[in-house]
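Q: Input file: input.pdb. Contents: PDB, N, CA and C atoms and all ligand atoms.
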ATOM      1  N   MET S   1     -26.562 152.178 -24.320
ATOM      2  CA  MET S   1     -26.413 150.864 -24.947
ATOM      3  C   MET S   1     -27.762 150.418 -25.492
ATOM      4  N   LYS S   2     -27.696 149.776 -26.671
ATOM      5  CA  LYS S   2     -28.926 149.249 -27.257
ATOM      6  C   LYS S   2     -28.663 147.820 -27.738
ATOM      7  N   VAL S   3     -29.672 146.973 -27.589
ATOM      8  CA  VAL S   3     -29.540 145.581 -27.978
ATOM      9  C   VAL S   3     -30.486 145.297 -29.141
ATOM     10  N   PHE S   4     -30.014 144.463 -30.067
ATOM     11  CA  PHE S   4     -30.803 144.080 -31.240
ATOM     12  C   PHE S   4     -30.879 142.558 -31.308
ATOM     13  N   LEU S   5     -32.039 142.064 -31.653
ATOM     14  CA  LEU S   5     -32.250 140.620 -31.750
ATOM     15  C   LEU S   5     -32.659 140.272 -33.180
ATOM     16  N   ASP S   6     -31.941 139.329 -33.783
ATOM     17  CA  ASP S   6     -32.291 138.861 -35.127
ATOM     18  C   ASP S   6     -33.124 137.591 -34.990
ATOM     19  N   PRO S   7     -34.433 137.680 -35.169
ATOM     20  CA  PRO S   7     -35.289 136.510 -34.945
ATOM     21  C   PRO S   7     -35.069 135.407 -35.969
ATOM     22  N   ILE S   8     -34.472 135.740 -37.103
ATOM     23  CA  ILE S   8     -34.185 134.718 -38.113
ATOM     24  C   ILE S   8     -33.083 133.780 -37.624
ATOM     25  N   LYS S   9     -32.111 134.337 -36.921
ATOM     26  CA  LYS S   9     -30.985 133.528 -36.430
ATOM     27  C   LYS S   9     -31.338 132.727 -35.182
ATOM     28  N   CYS S  10     -32.283 133.194 -34.408
ATOM     29  CA  CYS S  10     -32.594 132.570 -33.115
ATOM     30  C   CYS S  10     -33.064 131.131 -33.313
ATOM     31  N   SER S  11     -32.472 130.231 -32.524
ATOM     32  CA  SER S  11     -32.883 128.824 -32.541
ATOM     33  C   SER S  11     -33.635 128.431 -31.286
ATOM     34  N   GLY S  12     -33.840 129.392 -30.394
ATOM     35  CA  GLY S  12     -34.717 129.164 -29.263
ATOM     36  C   GLY S  12     -34.125 128.403 -28.098
ATOM     37  N   TYR S  13     -32.833 128.456 -27.921
ATOM     38  CA  TYR S  13     -32.237 127.743 -26.801
ATOM     39  C   TYR S  13     -32.589 128.377 -25.459
ATOM     40  N   GLY S  14     -32.866 129.658 -25.474
ATOM     41  CA  GLY S  14     -33.351 130.314 -24.261
ATOM     42  C   GLY S  14     -32.300 130.887 -23.348
ATOM     43  N   ALA S  15     -31.041 130.810 -23.737
ATOM     44  CA  ALA S  15     -29.981 131.311 -22.861
ATOM     45  C   ALA S  15     -30.167 132.794 -22.553
ATOM     46  N   CYS S  16     -30.561 133.572 -23.538
ATOM     47  CA  CYS S  16     -30.694 135.023 -23.327
ATOM     48  C   CYS S  16     -31.728 135.328 -22.246
ATOM     49  N   ALA S  17     -32.852 134.637 -22.282
ATOM     50  CA  ALA S  17     -33.903 134.895 -21.296
ATOM     51  C   ALA S  17     -33.479 134.434 -19.904
ATOM     52  N   ASP S  18     -32.677 133.388 -19.844
ATOM     53  CA  ASP S  18     -32.170 132.930 -18.546
ATOM     54  C   ASP S  18     -31.191 133.935 -17.962
ATOM     55  N   ILE S  19     -30.341 134.475 -18.823
ATOM     56  CA  ILE S  19     -29.262 135.355 -18.361
ATOM     57  C   ILE S  19     -29.762 136.774 -18.113
ATOM     58  N   CYS S  20     -30.657 137.256 -18.962
ATOM     59  CA  CYS S  20     -31.112 138.642 -18.874
ATOM     60  C   CYS S  20     -32.635 138.718 -19.052
ATOM     61  N   PRO S  21     -33.383 138.257 -18.069
ATOM     62  CA  PRO S  21     -34.844 138.191 -18.208
ATOM     63  C   PRO S  21     -35.527 139.550 -18.262
ATOM     64  N   SER S  22     -34.821 140.604 -17.923
ATOM     65  CA  SER S  22     -35.433 141.927 -18.030
ATOM     66  C   SER S  22     -35.487 142.410 -19.475
ATOM     67  N   LEU S  23     -34.679 141.818 -20.349
ATOM     68  CA  LEU S  23     -34.652 142.233 -21.758
ATOM     69  C   LEU S  23     -35.207 141.195 -22.714
ATOM     70  N   PHE S  24     -35.079 139.900 -22.350
ATOM     71  CA  PHE S  24     -35.460 138.838 -23.281
ATOM     72  C   PHE S  24     -36.464 137.898 -22.637
ATOM     73  N   ALA S  25     -37.367 137.398 -23.479
ATOM     74  CA  ALA S  25     -38.299 136.352 -23.047
ATOM     75  C   ALA S  25     -38.448 135.373 -24.205
ATOM     76  N   ILE S  26     -38.980 134.209 -23.887
ATOM     77  CA  ILE S  26     -39.249 133.211 -24.923
ATOM     78  C   ILE S  26     -40.734 133.278 -25.255
ATOM     79  N   ASP S  27     -41.032 133.407 -26.548
ATOM     80  CA  ASP S  27     -42.427 133.563 -26.946
ATOM     81  C   ASP S  27     -43.151 132.210 -27.007
ATOM     82  N   GLU S  28     -44.396 132.228 -27.416
ATOM     83  CA  GLU S  28     -45.199 130.998 -27.400
ATOM     84  C   GLU S  28     -44.712 129.951 -28.397
ATOM     85  N   PHE S  29     -43.847 130.362 -29.323
ATOM     86  CA  PHE S  29     -43.296 129.421 -30.296
ATOM     87  C   PHE S  29     -41.906 128.928 -29.885
ATOM     88  N   GLY S  30     -41.428 129.431 -28.764
ATOM     89  CA  GLY S  30     -40.144 128.970 -28.249
ATOM     90  C   GLY S  30     -38.953 129.777 -28.705
ATOM     91  N   PHE S  31     -39.207 130.945 -29.293
ATOM     92  CA  PHE S  31     -38.111 131.781 -29.767
ATOM     93  C   PHE S  31     -38.019 133.057 -28.932
ATOM     94  N   ALA S  32     -36.838 133.659 -28.985
ATOM     95  CA  ALA S  32     -36.601 134.839 -28.163
ATOM     96  C   ALA S  32     -37.322 136.062 -28.719
ATOM     97  N   GLN S  33     -37.742 136.914 -27.814
ATOM     98  CA  GLN S  33     -38.286 138.208 -28.187
ATOM     99  C   GLN S  33     -37.722 139.253 -27.238
ATOM    100  N   LEU S  34     -37.600 140.464 -27.765
ATOM    101  CA  LEU S  34     -37.166 141.579 -26.933
ATOM    102  C   LEU S  34     -38.363 142.119 -26.162
ATOM    103  N   LEU S  35     -38.155 142.448 -24.915
ATOM    104  CA  LEU S  35     -39.248 142.937 -24.081
ATOM    105  C   LEU S  35     -39.378 144.457 -24.104
ATOM    106  N   SER S  36     -38.471 145.111 -24.820
ATOM    107  CA  SER S  36     -38.514 146.571 -24.858
ATOM    108  C   SER S  36     -38.074 147.026 -26.245
ATOM    109  N   ASP S  37     -37.821 148.315 -26.368
ATOM    110  CA  ASP S  37     -37.306 148.836 -27.638
ATOM    111  C   ASP S  37     -35.808 148.571 -27.799
ATOM    112  N   GLY S  38     -35.244 147.864 -26.861
ATOM    113  CA  GLY S  38     -33.845 147.488 -26.961
ATOM    114  C   GLY S  38     -32.906 148.367 -26.158
ATOM    115  N   VAL S  39     -33.389 149.487 -25.675
ATOM    116  CA  VAL S  39     -32.543 150.349 -24.853
ATOM    117  C   VAL S  39     -32.276 149.644 -23.519
ATOM    118  N   VAL S  40     -31.005 149.568 -23.179
ATOM    119  CA  VAL S  40     -30.588 148.794 -22.012
ATOM    120  C   VAL S  40     -30.313 149.728 -20.839
ATOM    121  N   ALA S  41     -30.972 149.471 -19.724
ATOM    122  CA  ALA S  41     -30.704 150.235 -18.507
ATOM    123  C   ALA S  41     -29.282 149.936 -18.031
ATOM    124  N   ALA S  42     -28.686 150.906 -17.403
ATOM    125  CA  ALA S  42     -27.310 150.741 -16.934
ATOM    126  C   ALA S  42     -27.163 149.508 -16.061
ATOM    127  N   SER S  43     -28.157 149.215 -15.274
ATOM    128  CA  SER S  43     -28.094 148.066 -14.360
ATOM    129  C   SER S  43     -28.161 146.728 -15.104
ATOM    130  N   ASP S  44     -28.571 146.749 -16.363
ATOM    131  CA  ASP S  44     -28.694 145.511 -17.144
ATOM    132  C   ASP S  44     -27.575 145.338 -18.162
ATOM    133  N   GLU S  45     -26.631 146.267 -18.202
ATOM    134  CA  GLU S  45     -25.629 146.215 -19.265
ATOM    135  C   GLU S  45     -24.777 144.959 -19.203
ATOM    136  N   ASP S  46     -24.348 144.563 -18.013
ATOM    137  CA  ASP S  46     -23.500 143.368 -17.900
ATOM    138  C   ASP S  46     -24.256 142.125 -18.342
ATOM    139  N   SER S  47     -25.500 141.982 -17.890
ATOM    140  CA  SER S  47     -26.244 140.779 -18.260
ATOM    141  C   SER S  47     -26.611 140.799 -19.741
ATOM    142  N   ALA S  48     -26.835 141.970 -20.322
ATOM    143  CA  ALA S  48     -27.103 142.049 -21.758
ATOM    144  C   ALA S  48     -25.879 141.599 -22.550
ATOM    145  N   ARG S  49     -24.704 142.026 -22.128
ATOM    146  CA  ARG S  49     -23.474 141.587 -22.806
ATOM    147  C   ARG S  49     -23.290 140.079 -22.660
ATOM    148  N   ASN S  50     -23.556 139.572 -21.469
ATOM    149  CA  ASN S  50     -23.426 138.124 -21.242
ATOM    150  C   ASN S  50     -24.405 137.343 -22.121
ATOM    151  N   ALA S  51     -25.613 137.864 -22.270
ATOM    152  CA  ALA S  51     -26.597 137.198 -23.122
ATOM    153  C   ALA S  51     -26.113 137.163 -24.568
ATOM    154  N   ALA S  52     -25.557 138.266 -25.039
ATOM    155  CA  ALA S  52     -25.073 138.310 -26.422
ATOM    156  C   ALA S  52     -23.939 137.320 -26.643
ATOM    157  N   VAL S  53     -23.014 137.269 -25.692
ATOM    158  CA  VAL S  53     -21.874 136.348 -25.815
ATOM    159  C   VAL S  53     -22.347 134.897 -25.740
ATOM    160  N   SER S  54     -23.392 134.652 -24.976
ATOM    161  CA  SER S  54     -23.863 133.285 -24.755
ATOM    162  C   SER S  54     -24.764 132.769 -25.862
ATOM    163  N   CYS S  55     -25.190 133.631 -26.744
ATOM    164  CA  CYS S  55     -26.091 133.186 -27.811
ATOM    165  C   CYS S  55     -25.321 132.359 -28.836
ATOM    166  N   ALA S  56     -25.671 131.084 -28.933
ATOM    167  CA  ALA S  56     -24.964 130.168 -29.827
ATOM    168  C   ALA S  56     -25.174 130.514 -31.292
ATOM    169  N   GLU S  57     -26.219 131.266 -31.587
ATOM    170  CA  GLU S  57     -26.535 131.609 -32.977
ATOM    171  C   GLU S  57     -26.081 133.012 -33.353
ATOM    172  N   ASN S  58     -25.436 133.696 -32.426
ATOM    173  CA  ASN S  58     -24.960 135.058 -32.700
ATOM    174  C   ASN S  58     -26.110 135.959 -33.146
ATOM    175  N   ALA S  59     -27.255 135.777 -32.509
ATOM    176  CA  ALA S  59     -28.471 136.509 -32.901
ATOM    177  C   ALA S  59     -28.631 137.838 -32.169
ATOM    178  N   ILE S  60     -27.782 138.089 -31.198
ATOM    179  CA  ILE S  60     -27.918 139.296 -30.380
ATOM    180  C   ILE S  60     -26.733 140.210 -30.630
ATOM    181  N   LYS S  61     -27.032 141.444 -31.004
ATOM    182  CA  LYS S  61     -25.987 142.443 -31.231
ATOM    183  C   LYS S  61     -26.189 143.583 -30.244
ATOM    184  N   ILE S  62     -25.086 144.181 -29.870
ATOM    185  CA  ILE S  62     -25.135 145.307 -28.943
ATOM    186  C   ILE S  62     -24.405 146.485 -29.559
ATOM    187  N   GLU S  63     -25.025 147.629 -29.432
ATOM    188  CA  GLU S  63     -24.408 148.884 -29.881
ATOM    189  C   GLU S  63     -24.271 149.810 -28.698
ATOM    190  N   GLY S  64     -23.147 150.502 -28.679
ATOM    191  CA  GLY S  64     -22.959 151.513 -27.643
ATOM    192  C   GLY S  64     -22.290 150.993 -26.408
TER     193      GLY S  64
HETATM  194  S1  LIG C 101     -29.679 132.878 -26.764
HETATM  195 FE1  LIG C 101     -29.799 133.296 -28.980
HETATM  196  S2  LIG C 101     -30.554 131.395 -29.913
HETATM  197 FE2  LIG C 101     -30.971 131.307 -27.690
HETATM  198  S3  LIG C 101     -33.059 132.057 -27.477
HETATM  199 FE3  LIG C 101     -31.692 133.797 -27.166
HETATM  200  S4  LIG C 101     -31.487 134.755 -29.205
HETATM  201 FE4  LIG C 101     -32.323 132.698 -29.480
END
Please go through the file and, once you have read it, give me the structure as C-alpha cells.
Ligand code: SF4
A:
Amino acid sequence: MKVFLDPIKCSGYGACADICPSLFAIDEFGFAQLLSDGVVAASDEDSARNAAVSCAENAIKIEG
C-alpha cells in the first residue's frame, strides 16, 4: 500500500496527523506533510485508510 498527499488540497485541519501520526505530521505552516516516501507498513494500513477517509479536502489517496 502507498499513500499520496496533495498539498494543494490540504487545508490543515490536522485530522490525518491525529489519526495516523506515523505517516503524517503538520508542518510549521500548519499543513500536512508525509513523513516517508508514502509506503505504508502493514501495521499502519488501517490508520492510513482512516486518515484518507477523514480528510475533509480529499487530499489523501491510497493505492494498493
Ligand atoms: S486531514 Fe486532509 S486537510 Fe487535514 S491536514 Fe490532513 S491532508 Fe490536510
Q: Can you tell me, as a PyMOL selection string, what residues are no more than 6 Å from region 36-50 of chain S when counting only N, CA and C atoms, ignoring any on the same chain fewer than 6 positions away?
A: chain S and resi 1-4+19-20+23
Q: Could you tell me which residues the PyMOL selection byres (((chain S and resi 58 and name CA) around 12) and not hetatm and name CA) grabs in this file, written as a PyMOL selection string?
A: chain S and resi 4-13+15-16+49-57+59-62
Q: I need the residues in chain S that are strand (DSSP E) according to DSSP; give them as a list in words.
A: Lys2, Val3, Phe4, Leu5, Phe24, Ala25, Ile26, Ala32, Gln33, Leu34, Ile60, Lys61, Ile62 and Glu63 of chain S
Q: Output N, CA and C atoms of each residue in that selection to a file, as a PDB file, in the frame of the given file.
A:
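Resulting contents of again_10.pdb:
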ATOM      1  N   LYS S   2     -27.696 149.776 -26.671  1.00  0.00           N
ATOM      2  CA  LYS S   2     -28.926 149.249 -27.257  1.00  0.00           C
ATOM      3  C   LYS S   2     -28.663 147.820 -27.738  1.00  0.00           C
ATOM      4  N   VAL S   3     -29.672 146.973 -27.589  1.00  0.00           N
ATOM      5  CA  VAL S   3     -29.540 145.581 -27.978  1.00  0.00           C
ATOM      6  C   VAL S   3     -30.486 145.297 -29.141  1.00  0.00           C
ATOM      7  N   PHE S   4     -30.014 144.463 -30.067  1.00  0.00           N
ATOM      8  CA  PHE S   4     -30.803 144.080 -31.240  1.00  0.00           C
ATOM      9  C   PHE S   4     -30.879 142.558 -31.308  1.00  0.00           C
ATOM     10  N   LEU S   5     -32.039 142.064 -31.653  1.00  0.00           N
ATOM     11  CA  LEU S   5     -32.250 140.620 -31.750  1.00  0.00           C
ATOM     12  C   LEU S   5     -32.659 140.272 -33.180  1.00  0.00           C
ATOM     13  N   PHE S  24     -35.079 139.900 -22.350  1.00  0.00           N
ATOM     14  CA  PHE S  24     -35.460 138.838 -23.281  1.00  0.00           C
ATOM     15  C   PHE S  24     -36.464 137.898 -22.637  1.00  0.00           C
ATOM     16  N   ALA S  25     -37.367 137.398 -23.479  1.00  0.00           N
ATOM     17  CA  ALA S  25     -38.299 136.352 -23.047  1.00  0.00           C
ATOM     18  C   ALA S  25     -38.448 135.373 -24.205  1.00  0.00           C
ATOM     19  N   ILE S  26     -38.980 134.209 -23.887  1.00  0.00           N
ATOM     20  CA  ILE S  26     -39.249 133.211 -24.923  1.00  0.00           C
ATOM     21  C   ILE S  26     -40.734 133.278 -25.255  1.00  0.00           C
ATOM     22  N   ALA S  32     -36.838 133.659 -28.985  1.00  0.00           N
ATOM     23  CA  ALA S  32     -36.601 134.839 -28.163  1.00  0.00           C
ATOM     24  C   ALA S  32     -37.322 136.062 -28.719  1.00  0.00           C
ATOM     25  N   GLN S  33     -37.742 136.914 -27.814  1.00  0.00           N
ATOM     26  CA  GLN S  33     -38.286 138.208 -28.187  1.00  0.00           C
ATOM     27  C   GLN S  33     -37.722 139.253 -27.238  1.00  0.00           C
ATOM     28  N   LEU S  34     -37.600 140.464 -27.765  1.00  0.00           N
ATOM     29  CA  LEU S  34     -37.166 141.579 -26.933  1.00  0.00           C
ATOM     30  C   LEU S  34     -38.363 142.119 -26.162  1.00  0.00           C
ATOM     31  N   ILE S  60     -27.782 138.089 -31.198  1.00  0.00           N
ATOM     32  CA  ILE S  60     -27.918 139.296 -30.380  1.00  0.00           C
ATOM     33  C   ILE S  60     -26.733 140.210 -30.630  1.00  0.00           C
ATOM     34  N   LYS S  61     -27.032 141.444 -31.004  1.00  0.00           N
ATOM     35  CA  LYS S  61     -25.987 142.443 -31.231  1.00  0.00           C
ATOM     36  C   LYS S  61     -26.189 143.583 -30.244  1.00  0.00           C
ATOM     37  N   ILE S  62     -25.086 144.181 -29.870  1.00  0.00           N
ATOM     38  CA  ILE S  62     -25.135 145.307 -28.943  1.00  0.00           C
ATOM     39  C   ILE S  62     -24.405 146.485 -29.559  1.00  0.00           C
ATOM     40  N   GLU S  63     -25.025 147.629 -29.432  1.00  0.00           N
ATOM     41  CA  GLU S  63     -24.408 148.884 -29.881  1.00  0.00           C
ATOM     42  C   GLU S  63     -24.271 149.810 -28.698  1.00  0.00           C
TER      43      GLU S  63
END
Q: Which residues fall under the PyMOL selection byres (((chain S and resi 34) around 6) and not hetatm) in this file, as a PDB file with N, CA and C atoms, in the coordinates of the input?
A:
ATOM      1  N   LEU S  23     -34.679 141.818 -20.349  1.00  0.00           N
ATOM      2  CA  LEU S  23     -34.652 142.233 -21.758  1.00  0.00           C
ATOM      3  C   LEU S  23     -35.207 141.195 -22.714  1.00  0.00           C
ATOM      4  N   PHE S  24     -35.079 139.900 -22.350  1.00  0.00           N
ATOM      5  CA  PHE S  24     -35.460 138.838 -23.281  1.00  0.00           C
ATOM      6  C   PHE S  24     -36.464 137.898 -22.637  1.00  0.00           C
ATOM      7  N   ALA S  25     -37.367 137.398 -23.479  1.00  0.00           N
ATOM      8  CA  ALA S  25     -38.299 136.352 -23.047  1.00  0.00           C
ATOM      9  C   ALA S  25     -38.448 135.373 -24.205  1.00  0.00           C
ATOM     10  N   ALA S  32     -36.838 133.659 -28.985  1.00  0.00           N
ATOM     11  CA  ALA S  32     -36.601 134.839 -28.163  1.00  0.00           C
ATOM     12  C   ALA S  32     -37.322 136.062 -28.719  1.00  0.00           C
ATOM     13  N   GLN S  33     -37.742 136.914 -27.814  1.00  0.00           N
ATOM     14  CA  GLN S  33     -38.286 138.208 -28.187  1.00  0.00           C
ATOM     15  C   GLN S  33     -37.722 139.253 -27.238  1.00  0.00           C
ATOM     16  N   LEU S  35     -38.155 142.448 -24.915  1.00  0.00           N
ATOM     17  CA  LEU S  35     -39.248 142.937 -24.081  1.00  0.00           C
ATOM     18  C   LEU S  35     -39.378 144.457 -24.104  1.00  0.00           C
ATOM     19  N   SER S  36     -38.471 145.111 -24.820  1.00  0.00           N
ATOM     20  CA  SER S  36     -38.514 146.571 -24.858  1.00  0.00           C
ATOM     21  C   SER S  36     -38.074 147.026 -26.245  1.00  0.00           C
TER      22      SER S  36
END
Q: So how many Å separate CA of Gly30 (chain S) and CA of Gly14 (chain S), to one decimal?
A: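 CA of Gly30 (chain S) sits 8.0 Å away from CA of Gly14 (chain S).
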Q: Tell me, which residues of chain S carry DSSP helix (DSSP H, G or I), written as a list in words?
A: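 Output for chain S, helix (DSSP H, G or I) only: Ala15, Cys16, Ala17, Asp18, Ile19, Ala42, Ser43, Asp44, Glu45, Asp46, Ser47, Ala48, Arg49, Asn50, Ala51, Ala52, Val53 and Ser54 of chain S.
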Q: Suppose you want the space between atom FE2 of ligand LIG 101 (chain C) and atom N of Ala17 (chain S); what is it in Å?
A: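 That distance, rounded to one decimal, is 6.6 Å.
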Q: Could you please determine the separation between atom C of Phe31 (chain S) and atom FE2 of ligand LIG 101 (chain C) in Å, to one decimal place?
A: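 We find that atom C of Phe31 (chain S) and atom FE2 of ligand LIG 101 (chain C) lie 7.4 Å from each other.
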Q: Draw an axis-aligned box over all listed atoms of ligand LIG 101 (chain C), pad each side with 8 Å, and write its centre and edge lengths in Å, one decimal, as lines of an AutoDock Vina configuration file.
A:
center_x = -31.4
center_y = 133.0
center_z = -28.3
size_x = 19.4
size_y = 19.4
size_z = 19.1
